[in-house]
$ cat work_16.cif   # mmCIF, C-alpha atoms
data_work
loop_
_atom_site.group_PDB
_atom_site.id
_atom_site.type_symbol
_atom_site.label_atom_id
_atom_site.label_comp_id
_atom_site.auth_asym_id
_atom_site.auth_seq_id
_atom_site.Cartn_x
_atom_site.Cartn_y
_atom_site.Cartn_z
ATOM 1 C CA ALA A 1 0.000 0.000 0.000
ATOM 2 C CA LYS A 2 1.602 3.174 -1.232
ATOM 3 C CA SER A 3 0.738 6.409 0.466
ATOM 4 C CA ARG A 4 -0.451 9.196 -1.763
ATOM 5 C CA VAL A 5 0.243 12.903 -1.285
ATOM 6 C CA PHE A 6 -2.056 15.591 -2.605
ATOM 7 C CA ASP A 7 -0.343 18.215 -4.798
ATOM 8 C CA SER A 8 -2.051 21.584 -4.432
ATOM 9 C CA LYS A 9 -0.730 22.862 -7.780
ATOM 10 C CA SER A 10 -2.115 20.185 -10.039
ATOM 11 C CA SER A 11 -4.928 18.993 -7.780
ATOM 12 C CA GLN A 12 -3.813 15.425 -8.464
ATOM 13 C CA PRO A 13 -2.381 12.873 -6.050
ATOM 14 C CA GLN A 14 1.312 12.013 -6.507
ATOM 15 C CA LEU A 15 3.670 9.427 -5.153
ATOM 16 C CA PRO A 16 6.200 10.677 -2.557
ATOM 17 C CA ARG A 17 9.180 9.686 -4.762
ATOM 18 C CA LEU A 18 7.911 11.686 -7.718
ATOM 19 C CA GLN A 19 7.283 14.712 -5.516
ATOM 20 C CA HIS A 20 10.815 14.412 -4.108
ATOM 21 C CA LEU A 21 12.303 14.280 -7.623
ATOM 22 C CA GLN A 22 10.368 17.385 -8.646
ATOM 23 C CA GLN A 23 11.676 19.248 -5.602
ATOM 24 C CA GLN A 24 15.234 18.224 -6.480
ATOM 25 C CA GLN A 25 14.764 19.425 -10.054
ATOM 26 C CA GLN A 26 13.402 22.741 -8.819
ATOM 27 C CA GLN A 27 16.403 23.165 -6.494
ATOM 28 C CA GLN A 28 18.846 22.342 -9.287
ATOM 29 C CA GLU A 29 17.141 24.849 -11.580
ATOM 30 C CA ASP A 30 17.380 27.496 -8.872
ATOM 31 C CA ARG A 31 21.064 26.787 -8.240
ATOM 32 C CA ALA A 32 22.329 26.356 -11.772
ATOM 33 C CA GLY A 33 19.904 28.601 -13.592
ATOM 34 C CA ARG A 34 19.194 25.798 -16.071
ATOM 35 C CA PRO A 35 16.931 22.748 -15.963
ATOM 36 C CA PRO A 36 18.538 19.367 -15.238
ATOM 37 C CA SER A 37 18.838 16.895 -18.086
ATOM 38 C CA ALA A 38 15.647 15.246 -19.096
ATOM 39 C CA THR A 39 17.189 11.800 -19.008
ATOM 40 C CA ALA A 40 17.792 11.965 -15.266
ATOM 41 C CA ALA A 41 14.227 12.999 -14.554
ATOM 42 C CA GLU A 42 12.838 10.313 -16.840
ATOM 43 C CA VAL A 43 15.033 7.572 -15.409
ATOM 44 C CA GLY A 44 14.268 8.667 -11.852
ATOM 45 C CA SER A 45 10.522 8.700 -12.454
ATOM 46 C CA ASP A 46 10.579 5.351 -14.234
ATOM 47 C CA CYS A 47 12.705 3.699 -11.595
ATOM 48 C CA GLY A 48 10.895 2.653 -8.451
ATOM 49 C CA GLY A 49 14.111 2.444 -6.339
ATOM 50 C CA GLU A 50 15.530 5.033 -3.988
ATOM 51 C CA GLY A 51 18.673 5.999 -5.986
ATOM 52 C CA GLY A 52 18.056 7.560 -9.408
ATOM 53 C CA GLU A 53 20.293 6.820 -12.371
ATOM 54 C CA ILE A 54 21.965 9.389 -14.592
ATOM 55 C CA GLY A 55 23.448 9.158 -18.040
ATOM 56 C CA LEU A 56 27.159 8.706 -18.693
ATOM 57 C CA ALA A 57 27.619 12.186 -20.181
ATOM 58 C CA GLU A 58 26.003 13.883 -17.162
ATOM 59 C CA PHE A 59 28.029 11.736 -14.772
ATOM 60 C CA GLU A 60 31.283 12.718 -16.516
ATOM 61 C CA GLU A 61 30.205 16.383 -16.408
ATOM 62 C CA GLN A 62 29.557 16.169 -12.671
ATOM 63 C CA VAL A 63 32.916 14.461 -12.125
ATOM 64 C CA ALA A 64 34.671 17.206 -14.111
ATOM 65 C CA ASN A 65 32.859 19.885 -12.059
ATOM 66 C CA LEU A 66 33.871 18.217 -8.802
ATOM 67 C CA ILE A 67 37.489 17.943 -9.956
ATOM 68 C CA ARG A 68 37.487 21.640 -10.919
ATOM 69 C CA LYS A 69 35.923 22.576 -7.611
ATOM 70 C CA HIS A 70 37.865 20.333 -5.226
ATOM 71 C CA GLY A 71 40.796 18.964 -7.194
ATOM 72 C CA THR A 72 43.001 22.071 -6.969
ATOM 73 C CA LYS A 73 43.097 22.138 -3.172
ATOM 74 C CA LYS A 74 46.396 20.959 -1.775
ATOM 75 C CA GLN A 75 46.470 18.487 1.040
ATOM 76 C CA THR A 76 48.270 20.171 3.926
ATOM 77 C CA THR A 77 50.817 17.999 5.618
ATOM 78 C CA PHE A 78 52.532 19.009 8.800
ATOM 79 C CA VAL A 79 56.259 18.521 9.034
ATOM 80 C CA LYS A 80 56.994 17.023 12.417
ATOM 81 C CA GLY A 81 60.279 17.031 14.249
ATOM 82 C CA GLU A 82 61.828 14.269 16.279
ATOM 83 C CA ASP A 83 59.581 15.124 19.243
ATOM 84 C CA ASN A 84 56.475 14.579 17.036
ATOM 85 C CA ILE A 85 55.358 18.225 17.244
ATOM 86 C CA PRO A 86 54.479 20.021 13.988
ATOM 87 C CA ALA A 87 56.942 22.710 12.928
ATOM 88 C CA TYR A 88 54.307 25.460 12.761
ATOM 89 C CA ILE A 89 53.440 24.885 16.434
ATOM 90 C CA LYS A 90 57.109 25.108 17.398
ATOM 91 C CA ALA A 91 57.488 28.330 15.406
ATOM 92 C CA ARG A 92 54.367 29.809 17.002
ATOM 93 C CA LYS A 93 55.618 28.896 20.493
ATOM 94 C CA GLU A 94 59.004 30.502 19.765
ATOM 95 C CA THR A 95 57.434 33.749 18.539
ATOM 96 C CA MET A 96 55.127 33.859 21.562
ATOM 97 C CA ALA A 97 58.093 33.290 23.911
ATOM 98 C CA GLU A 98 60.041 36.063 22.184
ATOM 99 C CA GLN A 99 57.067 38.406 22.494
ATOM 100 C CA ARG A 100 56.836 37.594 26.212
ATOM 101 C CA ARG A 101 60.568 38.280 26.640
ATOM 102 C CA ALA A 102 60.255 41.599 24.815
ATOM 103 C CA GLU A 103 57.240 42.597 26.925
ATOM 104 C CA GLU A 104 59.097 41.624 30.125
ATOM 105 C CA ALA A 105 62.171 43.637 29.070
ATOM 106 C CA GLU A 106 59.928 46.612 28.249
ATOM 107 C CA ARG A 107 58.188 46.279 31.604
ATOM 108 C CA LEU A 108 61.492 46.098 33.500
ATOM 109 C CA LYS A 109 63.022 48.949 31.510
ATOM 110 C CA PRO A 110 63.043 52.104 33.614
ATOM 111 C CA LYS A 111 60.425 54.596 32.557
ATOM 112 C CA LEU A 112 62.073 57.918 31.840
ATOM 113 C CA PRO A 113 60.325 61.033 33.082
ATOM 114 C CA ALA A 114 59.576 63.762 30.580
ATOM 115 C CA GLY A 115 62.592 65.974 29.873
ATOM 116 C CA TYR A 116 65.181 63.398 31.009
ATOM 117 C CA ARG A 117 67.482 61.013 29.178
ATOM 118 C CA GLN A 118 69.555 58.035 30.279
ATOM 119 C CA LEU A 119 73.309 58.412 30.052
ATOM 120 C CA PRO A 120 75.227 55.717 28.169
ATOM 121 C CA ALA A 121 77.539 53.510 30.254
ATOM 122 C CA GLU A 122 80.714 54.957 28.686
ATOM 123 C CA GLU A 123 79.703 58.514 29.540
ATOM 124 C CA VAL A 124 78.810 57.481 33.102
ATOM 125 C CA ALA A 125 82.222 55.809 33.538
ATOM 126 C CA GLU A 126 84.073 58.891 32.239
ATOM 127 C CA THR A 127 82.095 61.233 34.494
ATOM 128 C CA LEU A 128 82.592 58.997 37.532
ATOM 129 C CA GLN A 129 86.328 58.879 36.908
ATOM 130 C CA ALA A 130 86.484 62.700 36.613
ATOM 131 C CA LEU A 131 84.464 63.098 39.846
ATOM 132 C CA GLN A 132 86.777 60.764 41.761
ATOM 133 C CA LYS A 133 89.813 62.702 40.492
ATOM 134 C CA LYS A 134 88.171 65.979 41.611
ATOM 135 C CA ARG A 135 87.427 64.415 45.034
ATOM 136 C CA GLN A 136 91.099 63.490 45.484
ATOM 137 C CA GLU A 137 92.139 67.070 44.576
ATOM 138 C CA LEU A 138 89.690 68.456 47.162
ATOM 139 C CA GLU A 139 91.093 66.103 49.823
ATOM 140 C CA THR A 140 94.638 67.284 49.149
ATOM 141 C CA GLU A 141 93.421 70.898 49.362
ATOM 142 C CA PHE A 142 91.699 70.106 52.679
ATOM 143 C CA ARG A 143 94.930 68.576 54.023
ATOM 144 C CA LYS A 144 96.773 71.768 53.181
ATOM 145 C CA LEU A 145 94.533 73.757 55.528
ATOM 146 C CA PRO A 146 96.075 74.566 58.927
ATOM 147 C CA LEU A 147 95.232 72.259 61.848
ATOM 148 C CA LYS A 148 94.107 75.129 64.008
ATOM 149 C CA ILE A 149 91.735 77.398 62.144
ATOM 150 C CA GLU A 150 91.505 80.788 63.841
ATOM 151 C CA THR A 151 90.753 83.518 61.311
ATOM 152 C CA ASP A 152 87.499 84.136 59.492
ATOM 153 C CA SER A 153 89.123 83.637 56.088
ATOM 154 C CA GLN A 154 90.448 80.234 57.167
ATOM 155 C CA LYS A 155 86.989 79.269 58.435
ATOM 156 C CA ARG A 156 85.389 80.371 55.136
ATOM 157 C CA ARG A 157 88.014 78.452 53.153
ATOM 158 C CA GLN A 158 87.456 75.311 55.259
ATOM 159 C CA LYS A 159 83.668 75.603 54.811
ATOM 160 C CA VAL A 160 83.992 76.012 51.013
ATOM 161 C CA VAL A 161 86.300 72.985 50.714
ATOM 162 C CA LEU A 162 84.019 70.801 52.905
ATOM 163 C CA ASP A 163 80.943 71.856 50.886
ATOM 164 C CA LYS A 164 82.726 70.945 47.652
ATOM 165 C CA ILE A 165 83.725 67.555 49.113
ATOM 166 C CA GLU A 166 80.085 66.856 50.113
ATOM 167 C CA GLU A 167 78.860 67.891 46.672
ATOM 168 C CA SER A 168 81.470 65.640 45.069
ATOM 169 C CA ASP A 169 80.415 62.705 47.279
ATOM 170 C CA ARG A 170 76.743 63.169 46.299
ATOM 171 C CA ALA A 171 77.679 63.262 42.601
ATOM 172 C CA ILE A 172 79.824 60.127 42.950
ATOM 173 C CA ALA A 173 76.933 58.333 44.688
ATOM 174 C CA MET A 174 74.543 59.405 41.940
ATOM 175 C CA PHE A 175 76.840 58.270 39.099
ATOM 176 C CA SER A 176 77.535 54.946 40.870
ATOM 177 C CA GLN A 177 73.910 53.826 40.426
ATOM 178 C CA PRO A 178 73.048 51.380 37.620
ATOM 179 C CA THR A 179 70.975 53.919 35.645
ATOM 180 C CA VAL A 180 71.786 57.607 35.522
ATOM 181 C CA LEU A 181 69.188 60.089 34.286
ATOM 182 C CA VAL A 182 70.048 63.649 33.355
ATOM 183 C CA GLN A 183 67.952 66.511 32.078
ATOM 184 C CA ALA A 184 67.800 66.545 28.293
#

$ encode --input "work_16.cif" --output "structure tokens"
Amino acid sequence: AKSRVFDSKSSQPQLPRLQHLQQQQQQQEDRAGRPPSATAAEVGSDCGGEGGEIGLAEFEEQVANLIRKHGTKKQTTFVKGEDNIPAYIKARKETMAEQRRAEEAERLKPKLPAGYRQLPAEEVAETLQALQKKRQELETEFRKLPLKIETDSQKRRQKVVLDKIEESDRAIAMFSQPTVLVQA
């Protein structure tokens, strides 16, 4: 007992297989803009089985279309190393690690205030050497002062030399730090 379906367009009952074939034809017409070959529709409507048959020419055309559509795609193969990890994953991990290192170095890098610059190491070393030489000269000048300071001029001279020694010590301490910032 075959079930019949009523078609509202033709007002005639149709078999479910025939209705299904008509829907497929309509979809193919919509997609391709042309009606499917008549031989496929005739064979499908004549055949009572589930799978319809198509002619050899249409089959070869479909095969050629599929080869044009899918045949040009290259199969991607992943080159794996001795640890069985694909090379692209290793490369991605290395770039991510390098980015992390760069971000960490940037984070640890001292942030320079506006209007200041960092002195290069060579310039710091030269300045530190000059300051230490100046400090030694000030010490020799301090040693030349009399042991007993009595006059006002001697007191002023002693005060000036001690102030210069303190200033020199502060400068040496500043230039002995790992980073030295100076006004630009």

$ atom_distance --input "work_16.cif" --atom1 "atom CA of Arg143 of chain A" --atom2 "atom CA of Lys159 of chain A"
13.3 Å

$ residues_around --input "work_16.cif" --residues "Leu128 of chain A" --least-positions-apart "4" --cutoff "10 Å" --atoms "all atoms listed in the file" --output "PyMOL selection string"
chain A and resi 122-124+132-134+171-176

$ atom_distance --input "work_16.cif" --atom1 "atom CA of Lys109 of chain A" --atom2 "atom CA of Val180 of chain A"
13.0 Å

$ atom_distance --input "work_16.cif" --atom1 "atom CA of Glu53 of chain A" --atom2 "atom CA of Gln25 of chain A"
14.0 Å

$ resolve_selection --input "work_16.cif" --expression "the PyMOL selection byres ((chain A and resi 135) around 12)" --output "PyMOL selection string"
chain A and resi 128-134+136-142+161-172

$ write_last_selection --input "work_16.cif" --atoms "C-alpha atoms" --output "compact mmCIF listing (two decimals), in the frame of the given file"
# COMPACT_ATOMS: atom_id res chain seq x y z
CA LEU A 128 82.59 59.00 37.53
CA GLN A 129 86.33 58.88 36.91
CA ALA A 130 86.48 62.70 36.61
CA LEU A 131 84.46 63.10 39.85
CA GLN A 132 86.78 60.76 41.76
CA LYS A 133 89.81 62.70 40.49
CA LYS A 134 88.17 65.98 41.61
CA GLN A 136 91.10 63.49 45.48
CA GLU A 137 92.14 67.07 44.58
CA LEU A 138 89.69 68.46 47.16
CA GLU A 139 91.09 66.10 49.82
CA THR A 140 94.64 67.28 49.15
CA GLU A 141 93.42 70.90 49.36
CA PHE A 142 91.70 70.11 52.68
CA VAL A 161 86.30 72.98 50.71
CA LEU A 162 84.02 70.80 52.90
CA ASP A 163 80.94 71.86 50.89
CA LYS A 164 82.73 70.94 47.65
CA ILE A 165 83.72 67.56 49.11
CA GLU A 166 80.08 66.86 50.11
CA GLU A 167 78.86 67.89 46.67
CA SER A 168 81.47 65.64 45.07
CA ASP A 169 80.42 62.70 47.28
CA ARG A 170 76.74 63.17 46.30
CA ALA A 171 77.68 63.26 42.60
CA ILE A 172 79.82 60.13 42.95

$ closest_residue --input "work_16.cif" --among "A:Gln183, A:Thr151, A:Gln158, A:Gln177" --to "Arg117 of chain A" --atoms "all atoms listed in the file"
A:Gln183

$ decode --input "work_16.cif" --residues "segment 159-170 of chain A" --atoms "all heavy atoms" --output "PDB file, in the first residue's frame"
ATOM      1  N   LYS A 159      85.083  75.867  55.112  1.00  0.00           N
ATOM      2  CA  LYS A 159      83.668  75.603  54.811  1.00  0.00           C
ATOM      3  C   LYS A 159      83.471  75.365  53.317  1.00  0.00           C
ATOM      4  O   LYS A 159      82.761  74.452  52.909  1.00  0.00           O
ATOM      5  CB  LYS A 159      82.802  76.768  55.277  1.00  0.00           C
ATOM      6  CG  LYS A 159      81.319  76.523  55.111  1.00  0.00           C
ATOM      7  CD  LYS A 159      80.535  77.653  55.711  1.00  0.00           C
ATOM      8  CE  LYS A 159      79.064  77.551  55.631  1.00  0.00           C
ATOM      9  NZ  LYS A 159      78.446  76.651  54.771  1.00  0.00           N
ATOM     10  N   VAL A 160      84.105  76.167  52.463  1.00  0.00           N
ATOM     11  CA  VAL A 160      83.992  76.012  51.013  1.00  0.00           C
ATOM     12  C   VAL A 160      84.534  74.651  50.580  1.00  0.00           C
ATOM     13  O   VAL A 160      83.912  73.936  49.781  1.00  0.00           O
ATOM     14  CB  VAL A 160      84.720  77.173  50.288  1.00  0.00           C
ATOM     15  CG1 VAL A 160      84.881  76.883  48.803  1.00  0.00           C
ATOM     16  CG2 VAL A 160      84.000  78.478  50.499  1.00  0.00           C
ATOM     17  N   VAL A 161      85.695  74.271  51.099  1.00  0.00           N
ATOM     18  CA  VAL A 161      86.300  72.985  50.714  1.00  0.00           C
ATOM     19  C   VAL A 161      85.417  71.828  51.176  1.00  0.00           C
ATOM     20  O   VAL A 161      85.188  70.868  50.420  1.00  0.00           O
ATOM     21  CB  VAL A 161      87.743  72.875  51.277  1.00  0.00           C
ATOM     22  CG1 VAL A 161      88.288  71.470  51.109  1.00  0.00           C
ATOM     23  CG2 VAL A 161      88.655  73.874  50.612  1.00  0.00           C
ATOM     24  N   LEU A 162      84.892  71.873  52.400  1.00  0.00           N
ATOM     25  CA  LEU A 162      84.019  70.801  52.905  1.00  0.00           C
ATOM     26  C   LEU A 162      82.715  70.726  52.110  1.00  0.00           C
ATOM     27  O   LEU A 162      82.213  69.623  51.824  1.00  0.00           O
ATOM     28  CB  LEU A 162      83.727  71.009  54.402  1.00  0.00           C
ATOM     29  CG  LEU A 162      84.893  70.703  55.346  1.00  0.00           C
ATOM     30  CD1 LEU A 162      84.516  71.055  56.786  1.00  0.00           C
ATOM     31  CD2 LEU A 162      85.301  69.260  55.243  1.00  0.00           C
ATOM     32  N   ASP A 163      82.163  71.849  51.714  1.00  0.00           N
ATOM     33  CA  ASP A 163      80.943  71.856  50.886  1.00  0.00           C
ATOM     34  C   ASP A 163      81.209  71.214  49.515  1.00  0.00           C
ATOM     35  O   ASP A 163      80.392  70.442  49.008  1.00  0.00           O
ATOM     36  CB  ASP A 163      80.426  73.284  50.707  1.00  0.00           C
ATOM     37  CG  ASP A 163      79.796  73.847  51.987  1.00  0.00           C
ATOM     38  OD1 ASP A 163      79.502  73.037  52.903  1.00  0.00           O
ATOM     39  OD2 ASP A 163      79.595  75.080  52.051  1.00  0.00           O
ATOM     40  N   LYS A 164      82.385  71.546  48.943  1.00  0.00           N
ATOM     41  CA  LYS A 164      82.726  70.945  47.652  1.00  0.00           C
ATOM     42  C   LYS A 164      82.935  69.431  47.773  1.00  0.00           C
ATOM     43  O   LYS A 164      82.571  68.668  46.889  1.00  0.00           O
ATOM     44  CB  LYS A 164      83.979  71.601  47.067  1.00  0.00           C
ATOM     45  CG  LYS A 164      83.723  72.997  46.529  1.00  0.00           C
ATOM     46  CD  LYS A 164      84.975  73.560  45.894  1.00  0.00           C
ATOM     47  CE  LYS A 164      84.707  74.940  45.325  1.00  0.00           C
ATOM     48  NZ  LYS A 164      85.908  75.509  44.681  1.00  0.00           N
ATOM     49  N   ILE A 165      83.528  68.996  48.893  1.00  0.00           N
ATOM     50  CA  ILE A 165      83.725  67.555  49.113  1.00  0.00           C
ATOM     51  C   ILE A 165      82.375  66.854  49.239  1.00  0.00           C
ATOM     52  O   ILE A 165      82.164  65.785  48.656  1.00  0.00           O
ATOM     53  CB  ILE A 165      84.617  67.311  50.365  1.00  0.00           C
ATOM     54  CG1 ILE A 165      86.065  67.701  50.062  1.00  0.00           C
ATOM     55  CG2 ILE A 165      84.542  65.853  50.801  1.00  0.00           C
ATOM     56  CD1 ILE A 165      86.994  67.602  51.249  1.00  0.00           C
ATOM     57  N   GLU A 166      81.432  67.440  49.972  1.00  0.00           N
ATOM     58  CA  GLU A 166      80.085  66.856  50.113  1.00  0.00           C
ATOM     59  C   GLU A 166      79.379  66.789  48.756  1.00  0.00           C
ATOM     60  O   GLU A 166      78.749  65.775  48.425  1.00  0.00           O
ATOM     61  CB  GLU A 166      79.258  67.683  51.094  1.00  0.00           C
ATOM     62  CG  GLU A 166      79.575  67.423  52.540  1.00  0.00           C
ATOM     63  CD  GLU A 166      78.652  68.225  53.464  1.00  0.00           C
ATOM     64  OE1 GLU A 166      77.481  68.446  53.096  1.00  0.00           O
ATOM     65  OE2 GLU A 166      79.133  68.635  54.522  1.00  0.00           O
ATOM     66  N   GLU A 167      79.486  67.862  47.995  1.00  0.00           N
ATOM     67  CA  GLU A 167      78.860  67.891  46.672  1.00  0.00           C
ATOM     68  C   GLU A 167      79.470  66.813  45.760  1.00  0.00           C
ATOM     69  O   GLU A 167      78.754  66.115  45.033  1.00  0.00           O
ATOM     70  CB  GLU A 167      79.047  69.271  46.052  1.00  0.00           C
ATOM     71  CG  GLU A 167      78.380  69.429  44.709  1.00  0.00           C
ATOM     72  CD  GLU A 167      78.611  70.813  44.123  1.00  0.00           C
ATOM     73  OE1 GLU A 167      78.833  71.773  44.874  1.00  0.00           O
ATOM     74  OE2 GLU A 167      78.567  70.898  42.880  1.00  0.00           O
ATOM     75  N   SER A 168      80.781  66.659  45.862  1.00  0.00           N
ATOM     76  CA  SER A 168      81.470  65.640  45.069  1.00  0.00           C
ATOM     77  C   SER A 168      81.038  64.232  45.491  1.00  0.00           C
ATOM     78  O   SER A 168      80.827  63.354  44.645  1.00  0.00           O
ATOM     79  CB  SER A 168      82.978  65.806  45.224  1.00  0.00           C
ATOM     80  OG  SER A 168      83.661  64.813  44.513  1.00  0.00           O
ATOM     81  N   ASP A 169      80.861  64.012  46.781  1.00  0.00           N
ATOM     82  CA  ASP A 169      80.415  62.705  47.279  1.00  0.00           C
ATOM     83  C   ASP A 169      78.993  62.379  46.785  1.00  0.00           C
ATOM     84  O   ASP A 169      78.698  61.237  46.405  1.00  0.00           O
ATOM     85  CB  ASP A 169      80.462  62.667  48.813  1.00  0.00           C
ATOM     86  CG  ASP A 169      81.887  62.573  49.355  1.00  0.00           C
ATOM     87  OD1 ASP A 169      82.783  62.173  48.573  1.00  0.00           O
ATOM     88  OD2 ASP A 169      82.088  62.883  50.541  1.00  0.00           O
ATOM     89  N   ARG A 170      78.113  63.387  46.801  1.00  0.00           N
ATOM     90  CA  ARG A 170      76.743  63.169  46.299  1.00  0.00           C
ATOM     91  C   ARG A 170      76.755  62.825  44.804  1.00  0.00           C
ATOM     92  O   ARG A 170      76.037  61.924  44.357  1.00  0.00           O
ATOM     93  CB  ARG A 170      75.871  64.394  46.550  1.00  0.00           C
ATOM     94  CG  ARG A 170      75.411  64.545  47.984  1.00  0.00           C
ATOM     95  CD  ARG A 170      74.309  65.586  48.097  1.00  0.00           C
ATOM     96  NE  ARG A 170      74.722  66.894  47.586  1.00  0.00           N
ATOM     97  CZ  ARG A 170      75.193  67.889  48.331  1.00  0.00           C
ATOM     98  NH1 ARG A 170      75.297  67.748  49.626  1.00  0.00           N
ATOM     99  NH2 ARG A 170      75.547  69.036  47.774  1.00  0.00           N
TER     100      ARG A 170
END
